[in-house]
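Undergrad: My structure is stored as model-v4.pdb, with PDB, C-alpha atoms and all ligand atoms.
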MODEL        1
ATOM      1  CA  MET A   1      18.927   7.859 -17.525
ATOM      2  CA  ASN A   2      17.571   9.209 -14.211
ATOM      3  CA  HIS A   3      17.212   6.406 -11.639
ATOM      4  CA  THR A   4      16.314   8.576  -8.651
ATOM      5  CA  LEU A   5      13.629   7.047  -6.423
ATOM      6  CA  GLN A   6      10.824   9.323  -5.322
ATOM      7  CA  ILE A   7       7.634   8.618  -3.399
ATOM      8  CA  ARG A   8       4.767  11.089  -3.790
ATOM      9  CA  VAL A   9       1.272  11.708  -2.547
ATOM     10  CA  VAL A  10      -0.894  11.560  -5.660
ATOM     11  CA  SER A  11      -2.307  14.985  -6.519
ATOM     12  CA  LYS A  12      -3.147  14.703 -10.210
ATOM     13  CA  ASP A  13      -4.793  12.192 -12.496
ATOM     14  CA  GLU A  14      -1.583  11.227 -14.294
ATOM     15  CA  GLU A  15      -0.069  10.120 -10.951
ATOM     16  CA  LEU A  16      -3.220   8.206 -10.005
ATOM     17  CA  GLN A  17      -3.101   6.383 -13.348
ATOM     18  CA  ASP A  18       0.572   5.542 -12.702
ATOM     19  CA  ALA A  19      -0.327   4.108  -9.274
ATOM     20  CA  LEU A  20      -3.135   2.064 -10.838
ATOM     21  CA  THR A  21      -0.752   0.785 -13.527
ATOM     22  CA  VAL A  22       1.527  -0.621 -10.799
ATOM     23  CA  ARG A  23      -1.417  -2.156  -8.945
ATOM     24  CA  ARG A  24      -2.771  -3.714 -12.145
ATOM     25  CA  LEU A  25       0.595  -5.323 -12.898
ATOM     26  CA  VAL A  26       1.102  -6.600  -9.343
ATOM     27  CA  PHE A  27      -2.373  -7.555  -8.161
ATOM     28  CA  ILE A  28      -4.401  -8.236 -11.322
ATOM     29  CA  GLU A  29      -1.721  -9.710 -13.624
ATOM     30  CA  GLU A  30       0.716 -11.280 -11.159
ATOM     31  CA  GLN A  31      -1.618 -12.307  -8.329
ATOM     32  CA  GLU A  32      -4.737 -12.787 -10.493
ATOM     33  CA  VAL A  33      -6.993 -10.679  -8.272
ATOM     34  CA  PRO A  34     -10.208  -9.921 -10.224
ATOM     35  CA  GLU A  35     -10.189  -6.348 -11.561
ATOM     36  CA  ASP A  36     -13.589  -5.547 -10.035
ATOM     37  CA  LEU A  37     -12.210  -6.376  -6.569
ATOM     38  CA  GLU A  38      -8.889  -4.588  -7.061
ATOM     39  CA  ILE A  39     -10.168  -1.267  -8.403
ATOM     40  CA  ASP A  40     -12.994   0.278  -6.381
ATOM     41  CA  GLU A  41     -14.765   3.495  -5.419
ATOM     42  CA  HIS A  42     -11.740   4.732  -3.434
ATOM     43  CA  ASP A  43      -9.628   4.882  -6.606
ATOM     44  CA  THR A  44     -10.615   8.359  -7.740
ATOM     45  CA  LEU A  45      -8.984  11.729  -7.192
ATOM     46  CA  SER A  46     -12.178  13.044  -5.598
ATOM     47  CA  SER A  47     -12.184  10.274  -2.945
ATOM     48  CA  PRO A  48     -10.809  11.219   0.514
ATOM     49  CA  THR A  49      -8.425   8.255   0.174
ATOM     50  CA  ILE A  50      -4.758   9.288  -0.057
ATOM     51  CA  HIS A  51      -2.943   7.551  -2.892
ATOM     52  CA  PHE A  52       0.815   7.104  -3.139
ATOM     53  CA  VAL A  53       3.032   6.426  -6.108
ATOM     54  CA  ALA A  54       6.769   5.701  -6.265
ATOM     55  CA  TYR A  55       8.881   6.517  -9.308
ATOM     56  CA  GLN A  56      12.280   5.310 -10.363
ATOM     57  CA  GLY A  57      13.228   8.137 -12.651
ATOM     58  CA  ASP A  58      10.031   8.575 -14.693
ATOM     59  CA  THR A  59       8.857   4.983 -14.297
ATOM     60  CA  PRO A  60       6.158   4.120 -11.741
ATOM     61  CA  VAL A  61       7.443   1.187  -9.644
ATOM     62  CA  GLY A  62       5.379   1.269  -6.444
ATOM     63  CA  ALA A  63       1.955   2.240  -5.118
ATOM     64  CA  SER A  64      -0.325   2.123  -2.088
ATOM     65  CA  ARG A  65      -3.229   3.939  -0.496
ATOM     66  CA  LEU A  66      -4.357   5.120   2.941
ATOM     67  CA  ARG A  67      -7.875   5.848   4.086
ATOM     68  CA  THR A  68      -9.833   6.408   7.255
ATOM     69  CA  TYR A  69     -10.961   3.156   8.880
ATOM     70  CA  GLN A  70     -12.593   4.805  11.877
ATOM     71  CA  PRO A  71     -11.916   8.129  13.630
ATOM     72  CA  GLY A  72      -8.193   8.255  14.509
ATOM     73  CA  VAL A  73      -7.431   4.977  12.741
ATOM     74  CA  GLY A  74      -6.012   4.732   9.230
ATOM     75  CA  LYS A  75      -6.141   1.714   6.946
ATOM     76  CA  ILE A  76      -3.206   0.943   4.683
ATOM     77  CA  GLU A  77      -4.124  -0.884   1.500
ATOM     78  CA  ARG A  78      -2.765  -2.047  -1.864
ATOM     79  CA  VAL A  79       0.944  -1.893  -1.004
ATOM     80  CA  ALA A  80       2.680  -2.915  -4.225
ATOM     81  CA  VAL A  81       6.225  -2.878  -5.586
ATOM     82  CA  LEU A  82       6.970  -4.111  -9.105
ATOM     83  CA  GLY A  83       8.732  -7.486  -9.141
ATOM     84  CA  SER A  84      11.853  -6.014 -10.732
ATOM     85  CA  THR A  85      12.236  -3.513  -7.857
ATOM     86  CA  ARG A  86      11.492  -5.791  -4.875
ATOM     87  CA  GLY A  87      14.115  -6.381  -2.241
ATOM     88  CA  THR A  88      15.647  -2.931  -2.674
ATOM     89  CA  GLY A  89      13.989  -1.276   0.342
ATOM     90  CA  LEU A  90      11.237   0.447  -1.638
ATOM     91  CA  GLY A  91       8.403  -1.366   0.159
ATOM     92  CA  ARG A  92       9.795  -0.222   3.496
ATOM     93  CA  ALA A  93      10.251   3.338   2.208
ATOM     94  CA  ILE A  94       6.638   3.442   0.974
ATOM     95  CA  MET A  95       5.404   2.205   4.364
ATOM     96  CA  GLU A  96       7.465   4.783   6.269
ATOM     97  CA  PHE A  97       6.251   7.556   3.950
ATOM     98  CA  MET A  98       2.640   6.457   4.511
ATOM     99  CA  GLU A  99       3.144   6.353   8.273
ATOM    100  CA  GLU A 100       4.471   9.931   8.251
ATOM    101  CA  THR A 101       1.411  10.957   6.251
ATOM    102  CA  ALA A 102      -0.886   9.042   8.622
ATOM    103  CA  ARG A 103       0.597  10.792  11.663
ATOM    104  CA  ALA A 104       0.339  14.170   9.933
ATOM    105  CA  ASN A 105      -3.337  13.418   9.318
ATOM    106  CA  GLY A 106      -3.918  12.764  13.005
ATOM    107  CA  TYR A 107      -4.168   8.976  13.018
ATOM    108  CA  ALA A 108      -3.020   7.404  16.299
ATOM    109  CA  LYS A 109      -2.965   3.937  14.780
ATOM    110  CA  VAL A 110      -2.942   2.237  11.387
ATOM    111  CA  LYS A 111      -4.264  -1.173  10.460
ATOM    112  CA  LEU A 112      -3.955  -3.335   7.388
ATOM    113  CA  ASN A 113      -4.950  -6.751   6.116
ATOM    114  CA  ALA A 114      -1.704  -8.455   5.153
ATOM    115  CA  GLN A 115      -1.417 -11.230   2.639
ATOM    116  CA  CYS A 116       0.060 -13.964   4.850
ATOM    117  CA  HIS A 117       3.216 -14.266   2.717
ATOM    118  CA  ALA A 118       3.957 -10.597   3.524
ATOM    119  CA  GLN A 119       3.371 -10.851   7.297
ATOM    120  CA  GLY A 120       7.132 -10.874   7.987
ATOM    121  CA  PHE A 121       7.588  -7.712   5.912
ATOM    122  CA  TYR A 122       5.075  -5.842   8.061
ATOM    123  CA  GLU A 123       6.381  -7.336  11.316
ATOM    124  CA  LYS A 124       9.801  -5.867  10.554
ATOM    125  CA  LEU A 125       8.068  -2.482  10.439
ATOM    126  CA  GLY A 126       6.450  -2.980  13.849
ATOM    127  CA  TYR A 127       3.027  -4.286  12.830
ATOM    128  CA  VAL A 128       1.386  -6.810  15.161
ATOM    129  CA  PRO A 129      -0.999  -9.506  13.866
ATOM    130  CA  TYR A 130      -4.410 -10.110  15.445
ATOM    131  CA  GLY A 131      -7.394 -12.348  14.807
ATOM    132  CA  ASP A 132      -7.728 -15.359  12.549
ATOM    133  CA  ILE A 133      -6.453 -15.895   9.030
ATOM    134  CA  PHE A 134      -9.184 -15.147   6.478
ATOM    135  CA  ASP A 135      -9.646 -15.366   2.724
ATOM    136  CA  ASP A 136      -9.890 -12.309   0.475
ATOM    137  CA  ALA A 137      -9.885 -12.680  -3.321
ATOM    138  CA  GLY A 138      -8.656 -16.269  -2.870
ATOM    139  CA  ILE A 139      -5.557 -15.140  -0.914
ATOM    140  CA  PRO A 140      -5.037 -15.871   2.825
ATOM    141  CA  HIS A 141      -4.830 -12.681   4.894
ATOM    142  CA  ILE A 142      -4.144 -11.679   8.500
ATOM    143  CA  ALA A 143      -5.133  -8.375  10.140
ATOM    144  CA  MET A 144      -2.245  -6.335  11.587
ATOM    145  CA  GLU A 145      -1.931  -2.992  13.333
ATOM    146  CA  LYS A 146       0.630  -0.487  14.533
ATOM    147  CA  VAL A 147      -0.008   2.030  17.303
ATOM    148  CA  PHE A 148       2.032   5.212  16.955
ATOM    149  CA  SER A 149       4.023   6.294  19.993
ATOM    150  CA  GLU A 150       3.759  10.095  20.256
TER     151      GLU A 150
HETATM  152  N1  LIG B 201       8.374 -11.692   4.014
HETATM  153  C1  LIG B 201       9.248 -11.374   5.009
HETATM  154  N2  LIG B 201      10.125 -10.314   4.924
HETATM  155  C2  LIG B 201      10.099  -9.593   3.795
HETATM  156  C3  LIG B 201       9.226  -9.862   2.729
HETATM  157  C4  LIG B 201       8.319 -10.973   2.870
HETATM  158  N3  LIG B 201       7.456 -11.288   1.909
HETATM  159  N4  LIG B 201       9.424  -8.954   1.761
HETATM  160  C5  LIG B 201      10.406  -8.138   2.190
HETATM  161  N5  LIG B 201      10.811  -8.531   3.419
HETATM  162  C6  LIG B 201      11.815  -7.899   4.256
HETATM  163  C7  LIG B 201      13.085  -7.607   3.503
HETATM  164  O1  LIG B 201      13.960  -8.725   3.542
HETATM  165  C8  LIG B 201      13.647  -6.408   4.234
HETATM  166  O2  LIG B 201      14.255  -6.847   5.429
HETATM  167  P1  LIG B 201      15.569  -6.103   6.015
HETATM  168  O3  LIG B 201      15.121  -4.702   6.378
HETATM  169  O4  LIG B 201      15.938  -6.934   7.187
HETATM  170  O5  LIG B 201      16.566  -6.096   4.918
HETATM  171  C9  LIG B 201      12.387  -5.643   4.641
HETATM  172  O6  LIG B 201      11.319  -6.615   4.654
HETATM  173  C10 LIG B 201      12.035  -4.518   3.683
HETATM  174  O7  LIG B 201      11.952  -5.088   2.374
HETATM  175  P2  LIG B 201      11.765  -4.202   1.060
HETATM  176  O8  LIG B 201      12.860  -4.461   0.102
HETATM  177  O9  LIG B 201      11.501  -2.794   1.442
HETATM  178  O10 LIG B 201      10.412  -4.852   0.470
HETATM  179  P3  LIG B 201       9.928  -4.828  -1.051
HETATM  180  O11 LIG B 201      10.285  -3.562  -1.706
HETATM  181  O12 LIG B 201      10.343  -6.087  -1.713
HETATM  182  O13 LIG B 201       8.314  -4.822  -0.850
HETATM  183  C11 LIG B 201       6.270  -6.046  -0.772
HETATM  184  C12 LIG B 201       7.640  -5.832  -0.129
HETATM  185  C13 LIG B 201       5.471  -7.053   0.078
HETATM  186  C14 LIG B 201       5.509  -4.733  -0.813
HETATM  187  C15 LIG B 201       6.500  -6.605  -2.206
HETATM  188  O14 LIG B 201       7.082  -7.894  -2.110
HETATM  189  C16 LIG B 201       5.276  -6.696  -3.072
HETATM  190  O15 LIG B 201       4.839  -5.718  -3.666
HETATM  191  N6  LIG B 201       4.689  -7.911  -3.188
HETATM  192  C17 LIG B 201       3.551  -8.134  -4.076
HETATM  193  C18 LIG B 201       2.327  -7.395  -3.605
HETATM  194  C19 LIG B 201       1.928  -7.790  -2.219
HETATM  195  O16 LIG B 201       1.795  -8.958  -1.900
HETATM  196  N7  LIG B 201       1.722  -6.765  -1.387
HETATM  197  C20 LIG B 201       1.331  -6.955  -0.016
HETATM  198  C21 LIG B 201      -0.138  -6.917   0.053
HETATM  199  S1  LIG B 201      -0.676  -7.130   1.747
ENDMDL
END
Would you put the structure from the file into structure tokens?
Ligand code: COA
TA:
Amino acid sequence: MNHTLQIRVVSKDEELQDALTVRRLVFIEEQEVPEDLEIDEHDTLSSPTIHFVAYQGDTPVGASRLRTYQPGVGKIERVAVLGSTRGTGLGRAIMEFMEETARANGYAKVKLNAQCHAQGFYEKLGYVPYGDIFDDAGIPHIAMEKVFSE
């Protein structure tokens, strides 16, 4: 069996469906986020949003997306790694891959709304929290950002 890990920018519908499969398992089934909040108008191939999917061999195991928040600022959303693959460095690899893509797209900064339990994960990657904790889909969140140096 091929266990090679690969992270890709989604370019075809099959890859988008694989990314959505991961997000359904992680956010809708595991975290009980309502489907109508989890899947939205950005989740189409025709949207300007950049989707990412990670494969272990042929199996989708991670996903995320990146979109424009305001000119020069990207917003990272829906970072998800399947439970069976967590703690192996995939989350970090997805974040680094997204940051490369964000820089290549001309963003000087990226922001995200972190679930509070994941704040430490993002801090290790250089994200800084700001503002107050707020509720989204019944889950406490904190806004975080990272300014790119050069
Ligand atoms: N809190 C603090 N540190 C964490 C952490 C957490 N919840 N999760 C991982 N880390 C640390 C790891 O220990 C590792 O540290 P190291 O570099 O010192 O060894 C580093 O962050 C990278 O961890 P990694 O293995 O790449 O993370 P992962 O693949 O397990 O992915 C998530 C992390 C958050 C993406 C994953 O747990 C997940 O998908 N959770 C469910 C969905 C979710 O809540 N997503 C976040 C939405 S804001």
Undergrad: To test your reading of the syntax: which residues would the PyMOL selection byres (((not hetatm)) within 6 of (chain B and resi 201)) return for the file shown? Reply as a PyMOL selection string.
TA: chain A and resi 26+78-81+86-92+114-115+117-118+120-121
Undergrad: What's the 9 Å shell around A:Asn113, counting all atoms listed in the file, without same-chain residues fewer than 5 positions away, as a list in words?
TA: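 These residues fall inside the cut-off: Lys75, Ile76, Glu77, His141, Ile142, Ala143, Met144 and Glu145 of chain A.
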Undergrad: Could you work out how far atom CA of A:Pro71 lies from atom CA of A:Val128, giving the answer in Å with one decimal?
TA: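 Distance between the two atoms: 20.1 Å.
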Undergrad: Just how far from atom CA of A:Arg23 is atom CA of A:Arg67, in Å to one decimal?
TA: 16.6 Å
Undergrad: Which residues of stretch 96-138 of chain A come within 10 Å of stretch 39-54 of chain A, and for each one, what is the closest pair of atoms and their distance in Å to one decimal, counting only C-alpha atoms, sorted by chain and residue number, as CSV?
TA:
residue,atom,partner,partner_atom,distance
A:Phe97,CA,A:Phe52,CA,8.9
A:Met98,CA,A:Phe52,CA,7.9
A:Thr101,CA,A:Ile50,CA,9.0
A:Ala102,CA,A:Ile50,CA,9.5
Undergrad: Of the residues A:Glu15, A:Asp136, A:Glu100, A:Glu35, which is the one nearest to A:Gly62, using all atoms listed in the file?
TA: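 The shortest atom-to-atom distance to A:Gly62 comes from A:Glu15.
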Undergrad: With distances taken over all atoms listed in the file, which of A:Leu25, A:Met95, A:Leu16, A:Leu125 is nearest to A:Gly83?
TA: A:Leu25
Undergrad: Could you check which of A:Val147, A:Tyr127, A:Tyr69, A:Ser64 is closest to A:Phe27, using only C-alpha atoms?
TA: A:Ser64
